[in-house]
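Visitor: I am sharing work14.tsv, which consists of TSV, C-alpha atoms:
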chain	number	residue	atom	x	y	z
A	1	MET	CA	1.20	10.49	-22.97
A	2	LYS	CA	2.83	7.12	-22.26
A	3	LEU	CA	-0.23	5.50	-20.66
A	4	ASP	CA	-3.09	7.21	-22.48
A	5	GLN	CA	-6.46	5.56	-21.71
A	6	ARG	CA	-4.90	2.54	-20.01
A	7	VAL	CA	-6.36	1.31	-16.75
A	8	ALA	CA	-3.90	0.80	-13.92
A	9	ILE	CA	-4.53	-0.69	-10.50
A	10	VAL	CA	-1.99	0.40	-7.89
A	11	THR	CA	-2.21	-1.32	-4.52
A	12	GLY	CA	-1.17	0.52	-1.38
A	13	ALA	CA	-1.45	3.81	-3.27
A	14	GLY	CA	-2.53	5.88	-0.30
A	15	SER	CA	0.96	7.16	0.50
A	16	GLY	CA	4.65	6.88	-0.25
A	17	ILE	CA	5.78	4.97	-3.33
A	18	GLY	CA	2.27	3.80	-4.26
A	19	ALA	CA	0.87	7.33	-4.20
A	20	ALA	CA	3.76	8.62	-6.31
A	21	ILE	CA	3.19	5.86	-8.89
A	22	ALA	CA	-0.55	6.56	-8.99
A	23	ARG	CA	-0.01	10.30	-9.49
A	24	LEU	CA	2.57	9.83	-12.25
A	25	PHE	CA	0.52	7.21	-14.08
A	26	ALA	CA	-2.49	9.53	-14.01
A	27	ALA	CA	-0.38	12.42	-15.31
A	28	GLU	CA	0.62	10.14	-18.19
A	29	GLY	CA	-3.01	9.51	-19.12
A	30	ALA	CA	-3.89	6.36	-17.17
A	31	ARG	CA	-7.18	5.86	-15.40
A	32	VAL	CA	-5.84	4.90	-11.99
A	33	VAL	CA	-7.51	2.65	-9.44
A	34	ILE	CA	-6.23	3.26	-5.92
A	35	ALA	CA	-6.55	-0.11	-4.17
A	36	GLU	CA	-5.86	0.80	-0.57
A	37	ILE	CA	-7.02	-0.50	2.80
A	38	ASN	CA	-6.89	2.95	4.41
A	39	GLU	CA	-9.85	4.85	2.99
A	40	THR	CA	-8.65	8.25	4.23
A	41	ARG	CA	-5.28	7.94	2.52
A	42	ALA	CA	-6.92	6.53	-0.62
A	43	ALA	CA	-9.21	9.56	-0.79
A	44	GLU	CA	-6.23	11.91	-0.43
A	45	THR	CA	-4.48	10.32	-3.41
A	46	GLN	CA	-7.68	10.35	-5.45
A	47	THR	CA	-8.25	14.03	-4.70
A	48	ALA	CA	-4.66	14.94	-5.59
A	49	ILE	CA	-4.98	13.17	-8.95
A	50	GLN	CA	-8.34	14.71	-9.77
A	51	GLN	CA	-7.21	18.21	-8.81
A	52	ALA	CA	-4.31	17.78	-11.24
A	53	GLY	CA	-6.76	16.89	-13.99
A	54	GLY	CA	-6.36	13.11	-13.89
A	55	GLN	CA	-8.79	10.23	-13.52
A	56	ALA	CA	-8.81	8.14	-10.35
A	57	LEU	CA	-11.05	5.72	-8.53
A	58	ALA	CA	-10.38	4.76	-4.89
A	59	ILE	CA	-11.53	1.32	-3.72
A	60	LYS	CA	-11.00	-0.03	-0.22
A	61	THR	CA	-8.98	-3.21	-0.65
A	62	ASP	CA	-7.52	-5.87	1.60
A	63	VAL	CA	-4.91	-7.46	-0.65
A	64	SER	CA	-4.62	-10.48	1.66
A	65	ASN	CA	-8.30	-11.40	1.15
A	66	TRP	CA	-9.40	-13.06	-2.09
A	67	ALA	CA	-13.01	-11.84	-1.93
A	68	SER	CA	-11.82	-8.24	-1.51
A	69	VAL	CA	-9.32	-8.51	-4.36
A	70	GLN	CA	-11.76	-10.18	-6.74
A	71	ALA	CA	-14.37	-7.52	-5.95
A	72	VAL	CA	-11.88	-4.84	-6.99
A	73	ALA	CA	-11.13	-6.58	-10.29
A	74	ASP	CA	-14.85	-7.01	-10.99
A	75	ARG	CA	-15.59	-3.38	-10.24
A	76	VAL	CA	-12.75	-2.14	-12.43
A	77	LEU	CA	-13.96	-4.29	-15.32
A	78	ASP	CA	-17.53	-3.10	-14.82
A	79	THR	CA	-16.37	0.54	-14.75
A	80	TYR	CA	-13.69	0.60	-17.43
A	81	GLY	CA	-14.00	-2.69	-19.32
A	82	GLN	CA	-10.30	-3.46	-19.13
A	83	ILE	CA	-7.30	-3.87	-16.82
A	84	ASP	CA	-4.00	-3.02	-18.48
A	85	ILE	CA	-1.57	-2.54	-15.59
A	86	LEU	CA	-1.25	-3.87	-12.06
A	87	VAL	CA	1.31	-2.51	-9.61
A	88	ASN	CA	1.64	-4.78	-6.57
A	89	ASN	CA	2.93	-2.22	-4.10
A	90	ALA	CA	0.96	-2.86	-0.89
A	91	ALA	CA	3.26	-3.81	1.95
A	92	MET	CA	3.96	-3.43	5.62
A	93	LEU	CA	7.26	-3.61	7.46
A	94	THR	CA	8.13	-5.26	10.75
A	95	ARG	CA	11.72	-5.26	11.93
A	96	GLY	CA	13.59	-7.92	13.84
A	97	ASP	CA	15.67	-11.03	13.53
A	98	LEU	CA	14.25	-14.54	13.54
A	99	LEU	CA	14.04	-14.87	17.33
A	100	ALA	CA	12.34	-11.48	17.62
A	101	THR	CA	9.73	-12.45	15.01
A	102	ASP	CA	6.64	-14.20	16.31
A	103	GLU	CA	4.23	-16.23	14.22
A	104	ALA	CA	1.69	-13.43	13.88
A	105	MET	CA	4.35	-11.01	12.64
A	106	TRP	CA	5.62	-13.56	10.11
A	107	ASP	CA	2.11	-14.28	8.83
A	108	LEU	CA	1.28	-10.59	8.52
A	109	ASN	CA	4.29	-9.92	6.29
A	110	MET	CA	3.63	-12.98	4.16
A	111	ASN	CA	-0.09	-12.24	3.83
A	112	VAL	CA	0.22	-8.61	2.81
A	113	ILE	CA	3.38	-8.78	0.69
A	114	LEU	CA	3.62	-12.24	-0.86
A	115	LYS	CA	0.05	-13.49	-0.69
A	116	GLY	CA	-1.20	-10.05	-1.72
A	117	THR	CA	0.97	-10.11	-4.83
A	118	PHE	CA	-0.30	-13.61	-5.63
A	119	LEU	CA	-3.98	-12.78	-5.13
A	120	CYS	CA	-3.97	-9.48	-7.03
A	121	SER	CA	-2.07	-11.04	-9.94
A	122	LYS	CA	-4.47	-13.99	-9.99
A	123	ALA	CA	-7.43	-11.60	-10.20
A	124	VAL	CA	-6.14	-9.55	-13.14
A	125	LEU	CA	-4.55	-12.29	-15.22
A	126	PRO	CA	-7.79	-13.66	-16.77
A	127	PRO	CA	-8.87	-10.31	-18.27
A	128	MET	CA	-5.29	-9.60	-19.37
A	129	ILE	CA	-5.11	-12.98	-21.10
A	130	ALA	CA	-8.47	-12.33	-22.77
A	131	GLN	CA	-7.36	-8.94	-24.12
A	132	LYS	CA	-3.92	-10.36	-25.08
A	133	ARG	CA	-1.94	-7.69	-23.27
A	134	GLY	CA	-1.02	-6.62	-19.78
A	135	VAL	CA	1.71	-5.43	-17.46
A	136	ILE	CA	2.32	-6.49	-13.87
A	137	ILE	CA	4.92	-4.63	-11.82
A	138	ASN	CA	5.84	-6.04	-8.43
A	139	ILE	CA	7.45	-3.72	-5.91
A	140	SER	CA	9.98	-5.83	-4.04
A	141	SER	CA	12.92	-4.41	-2.07
A	142	GLY	CA	16.68	-4.22	-1.87
A	143	ASN	CA	16.13	-6.39	1.22
A	144	ALA	CA	15.31	-9.23	-1.17
A	145	LEU	CA	18.77	-9.02	-2.75
A	146	VAL	CA	21.06	-8.78	0.27
A	147	ALA	CA	20.81	-9.67	3.96
A	148	VAL	CA	20.03	-6.54	5.95
A	149	GLY	CA	17.69	-7.82	8.67
A	150	SER	CA	13.92	-7.38	9.01
A	151	MET	CA	13.72	-11.08	8.29
A	152	ALA	CA	9.98	-11.61	7.78
A	153	TYR	CA	9.69	-8.58	5.50
A	154	SER	CA	12.84	-9.49	3.59
A	155	ALA	CA	11.79	-13.11	3.08
A	156	ALA	CA	8.38	-12.04	1.75
A	157	LYS	CA	9.98	-9.55	-0.62
A	158	ALA	CA	12.40	-12.22	-1.85
A	159	GLY	CA	9.47	-14.52	-2.56
A	160	VAL	CA	8.00	-11.78	-4.75
A	161	LEU	CA	11.07	-11.95	-6.98
A	162	ASN	CA	10.70	-15.66	-7.67
A	163	LEU	CA	6.98	-15.22	-8.30
A	164	THR	CA	7.83	-12.44	-10.76
A	165	LYS	CA	10.11	-14.66	-12.82
A	166	ASN	CA	7.66	-17.56	-12.82
A	167	MET	CA	4.78	-15.36	-13.98
A	168	ALA	CA	6.93	-13.78	-16.68
A	169	LEU	CA	7.76	-17.20	-18.12
A	170	GLU	CA	4.23	-18.56	-17.80
A	171	TYR	CA	2.27	-15.67	-19.30
A	172	GLY	CA	4.65	-14.14	-21.83
A	173	GLU	CA	2.89	-16.02	-24.63
A	174	HIS	CA	-0.20	-13.92	-23.84
A	175	ASN	CA	1.75	-10.67	-24.27
A	176	ILE	CA	1.78	-10.11	-20.52
A	177	ARG	CA	4.98	-8.67	-19.12
A	178	VAL	CA	5.89	-9.13	-15.44
A	179	ASN	CA	8.80	-7.29	-13.84
A	180	ALA	CA	9.92	-6.27	-10.37
A	181	ILE	CA	11.49	-3.17	-8.87
A	182	CYS	CA	13.75	-3.40	-5.82
A	183	PRO	CA	13.85	0.03	-4.16
A	184	GLY	CA	16.62	0.97	-1.78
A	185	SER	CA	16.08	3.33	1.13
A	186	VAL	CA	13.30	5.69	0.06
A	187	ARG	CA	11.99	8.65	2.05
A	188	THR	CA	8.46	7.40	2.85
A	189	PRO	CA	6.21	7.30	5.96
A	190	ILE	CA	7.31	3.72	6.66
A	191	TRP	CA	10.52	5.19	8.10
A	192	GLN	CA	8.78	7.32	10.73
A	193	PRO	CA	9.37	4.94	13.69
A	194	LYS	CA	13.09	4.91	12.89
A	195	LEU	CA	13.15	8.68	12.41
A	196	ASP	CA	11.60	9.14	15.83
A	197	VAL	CA	14.58	7.31	17.34
A	198	GLU	CA	17.31	8.52	14.95
A	199	PRO	CA	16.37	11.84	13.27
A	200	GLN	CA	19.55	11.80	11.15
A	201	ILE	CA	19.03	8.30	9.76
A	202	PHE	CA	18.66	9.48	6.15
A	203	ASP	CA	22.01	11.27	6.38
A	204	ARG	CA	23.62	8.04	7.58
A	205	LEU	CA	21.95	6.01	4.83
A	206	ALA	CA	23.03	8.54	2.21
A	207	ARG	CA	26.66	7.97	3.16
A	208	ARG	CA	26.21	4.27	2.38
A	209	THR	CA	24.79	5.02	-1.08
A	210	PRO	CA	27.13	5.49	-4.07
A	211	LEU	CA	24.92	8.26	-5.48
A	212	GLY	CA	25.08	10.05	-2.14
A	213	ARG	CA	21.41	10.36	-1.25
A	214	VAL	CA	18.40	8.31	-0.25
A	215	GLY	CA	15.63	7.80	-2.77
A	216	GLU	CA	12.42	9.73	-3.19
A	217	PRO	CA	9.08	8.11	-4.11
A	218	ASP	CA	9.26	9.71	-7.55
A	219	ASP	CA	12.51	7.82	-8.27
A	220	ILE	CA	10.57	4.56	-8.01
A	221	ALA	CA	7.53	5.97	-9.83
A	222	ARG	CA	9.63	6.88	-12.87
A	223	ALA	CA	11.05	3.34	-13.01
A	224	ALA	CA	7.51	1.95	-12.76
A	225	LEU	CA	6.38	4.21	-15.59
A	226	PHE	CA	9.15	2.86	-17.81
A	227	LEU	CA	8.13	-0.73	-17.08
A	228	ALA	CA	4.42	0.05	-17.55
A	229	SER	CA	4.88	1.82	-20.88
A	230	ASP	CA	5.74	0.60	-24.36
A	231	ASP	CA	9.28	1.88	-23.78
A	232	SER	CA	9.94	-1.51	-22.13
A	233	ALA	CA	7.97	-3.60	-24.64
A	234	TRP	CA	10.67	-6.31	-24.82
A	235	ILE	CA	11.42	-6.53	-21.10
A	236	THR	CA	9.90	-9.20	-18.88
A	237	GLY	CA	11.14	-11.24	-15.94
A	238	ASP	CA	13.53	-8.43	-15.02
A	239	ILE	CA	14.56	-7.44	-11.50
A	240	MET	CA	15.39	-3.73	-11.49
A	241	ALA	CA	17.32	-2.36	-8.52
A	242	VAL	CA	16.45	1.31	-8.03
A	243	ASP	CA	18.63	2.03	-5.02
A	244	GLY	CA	21.32	4.55	-5.85
A	245	GLY	CA	23.80	1.69	-6.22
A	246	THR	CA	23.43	0.32	-2.70
A	247	THR	CA	23.23	-3.34	-3.66
A	248	ALA	CA	26.20	-3.07	-6.02
A	249	GLY	CA	28.49	-3.55	-3.01
A	250	ARG	CA	29.93	-1.75	-0.01
A	251	HIS	CA	30.82	1.82	-0.86
A	252	SER	CA	34.06	3.40	0.38
A	253	ARG	CA	32.14	6.07	2.31
A	254	GLU	CA	30.58	3.32	4.38
A	255	LEU	CA	33.94	1.69	5.08
A	256	ASP	CA	35.77	5.00	5.70
A	257	PRO	CA	33.39	7.90	6.36
A	258	GLN	CA	36.28	10.41	6.35
A	259	PRO	CA	37.06	12.05	2.98
A	260	ALA	CA	40.30	10.88	1.39
A	261	GLY	CA	43.37	12.64	2.75
A	262	LYS	CA	41.61	13.92	5.87
A	263	GLU	CA	42.45	12.92	9.44
Please rewrite the model in this file as structure tokens.

Guide:
Amino acid sequence: MKLDQRVAIVTGAGSGIGAAIARLFAAEGARVVIAEINETRAAETQTAIQQAGGQALAIKTDVSNWASVQAVADRVLDTYGQIDILVNNAAMLTRGDLLATDEAMWDLNMNVILKGTFLCSKAVLPPMIAQKRGVIINISSGNALVAVGSMAYSAAKAGVLNLTKNMALEYGEHNIRVNAICPGSVRTPIWQPKLDVEPQIFDRLARRTPLGRVGEPDDIARAALFLASDDSAWITGDIMAVDGGTTAGRHSRELDPQPAGKE
């Protein structure tokens, strides 16, 4: 098992990408802490892991609040005595351009995504430094790499990338690796409002993707497992796009949706 007996905190692990990461880490031997603000969803992920024979602990967590985050770190240390992996996945998405974004919407994105990554990393770094090892994986977004709208969300996700590189440089001497994953369009509950309006949206997005499909949560979970495990022991400060090739450029299917030679 790639993560045998390691302790991993996964924020926002109640559904979607976070839940997939938590389940895969547990299957690979990790003792997984589900740090999630929604207690019902956290319990669902915990139950799924335990029914599969894994170890999981769900803790209600507000990643934008230092007292809440520090309490999680303290409880994990009291329970397991170590923190080996942190996955900063918790996020929320609001859509709109700058004029459609009010101050509250901007602050919400920044608090959950960027401040949450900062606070959770700050809480786990001292024990990681003390044990002379650790892995932090920040879930950013393809939105951080190219301009595609959703400006508050995209700006917060872009900030995560710079924070990733700074932490990698600062804490590498303590054998702490910090990397980021930039998912493309992934089939998760965050898309439901768009699906309600455009039921075929994933088909449209697939045509814009060189690999011809949207992502699944497990696609991101497998990338996270690689970065969490010793398979990536000499990788830090990396920004990994896991997006089917979307950010490589504009694909011909997007420019000309008709197959070659067809009218």

Visitor: Taking all atoms listed in the file into account, name the residue in A:Ile201, A:Leu98, A:Val76, A:Ala58 that is nearest to Val186 of chain A.

Guide: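 The shortest atom-to-atom distance to Val186 of chain A comes from A:Ile201.
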
Visitor: Give me the residues of segment 78-129 of chain A that have any atom at most 9 Å from an atom of segment 137-146 of chain A; for each, the nearest atom pair and the distance in Å, rounded to one decimal. Use all atoms listed in the file, sort by chain and number, and format it as CSV.

Guide:
residue,atom,partner,partner_atom,distance
A:Ile85,CA,A:Ile137,CA,7.8
A:Leu86,CA,A:Ile137,CA,6.2
A:Val87,CA,A:Ile137,CA,4.7
A:Asn88,CA,A:Asn138,CA,4.8
A:Asn89,CA,A:Ile139,CA,5.1
A:Ala90,CA,A:Ile139,CA,8.2
A:Ala91,CA,A:Ile139,CA,8.9
A:Ile113,CA,A:Ser140,CA,8.6
A:Thr117,CA,A:Asn138,CA,7.3

Visitor: Would you please work out which residue, of A:Gly212, A:Gly81, A:Gly29, A:Gly53, is nearest to Pro127 of chain A when using all atoms listed in the file?

Guide: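 Checking each of A:Gly212, A:Gly81, A:Gly29, A:Gly53 against Pro127 of chain A, counting all atoms listed in the file, the winner is A:Gly81.
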
Visitor: Quick one: of A:Gly244, A:Gly249, A:Gly237, A:Gly16, who's nearest to Ala168 of chain A, counting all atoms listed in the file?

Guide: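 Using all atoms listed in the file, Ala168 of chain A sits closest to A:Gly237.
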
Visitor: So what do you get for atom CA of Ser64 of chain A versus atom CA of Asn166 of chain A, distance-wise?

Guide: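 Result for atom CA of Ser64 of chain A versus atom CA of Asn166 of chain A: 20.3 Å, one decimal.
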